[in-house]
Amino acid sequence: MPASIETRQLSLFILTIMIVLTVAAIRGLLRRTHIVMVIGGTSVMLVILAILAAAYLITFAGA
């Protein structure tokens with residue numbers, strides 16, 4: 001059982017880092033690109049963020 005707890009914690013850590021990097025990419029996209037690119041890129045990044053958040057919640061609730 002301890003191995004599964006460590007695996008779960010590692011999964012949560014990796015998902016947290018991926019969520020933070022996605023949010024940072026969205027913020028950078030908003031600052032550095034034209035409005036058309038912002039709309040398209042932000043929608044793609046929000047979908048990725050939603051998938052990562054769902055994976056985080058599933059992993060967190062899986063115990």
# chains A, B, ... in the order shown; residues from 1 in each chain; ligands from 1
call {"tool": "residues_around", "arguments": {"residues": "segment 43-51 of chain A", "least_positions_apart": "5", "cutoff": "7 Å", "atoms": "only C-alpha atoms", "output": "count of residues only"}}
result
3
call {"tool": "residues_around", "arguments": {"residues": "Thr42 of chain A", "least_positions_apart": "5", "cutoff": "10 Å", "atoms": "only C-alpha atoms", "output": "ChimeraX atom specification"}}
result
/A:23,25-27,29-30,36-37,47-48
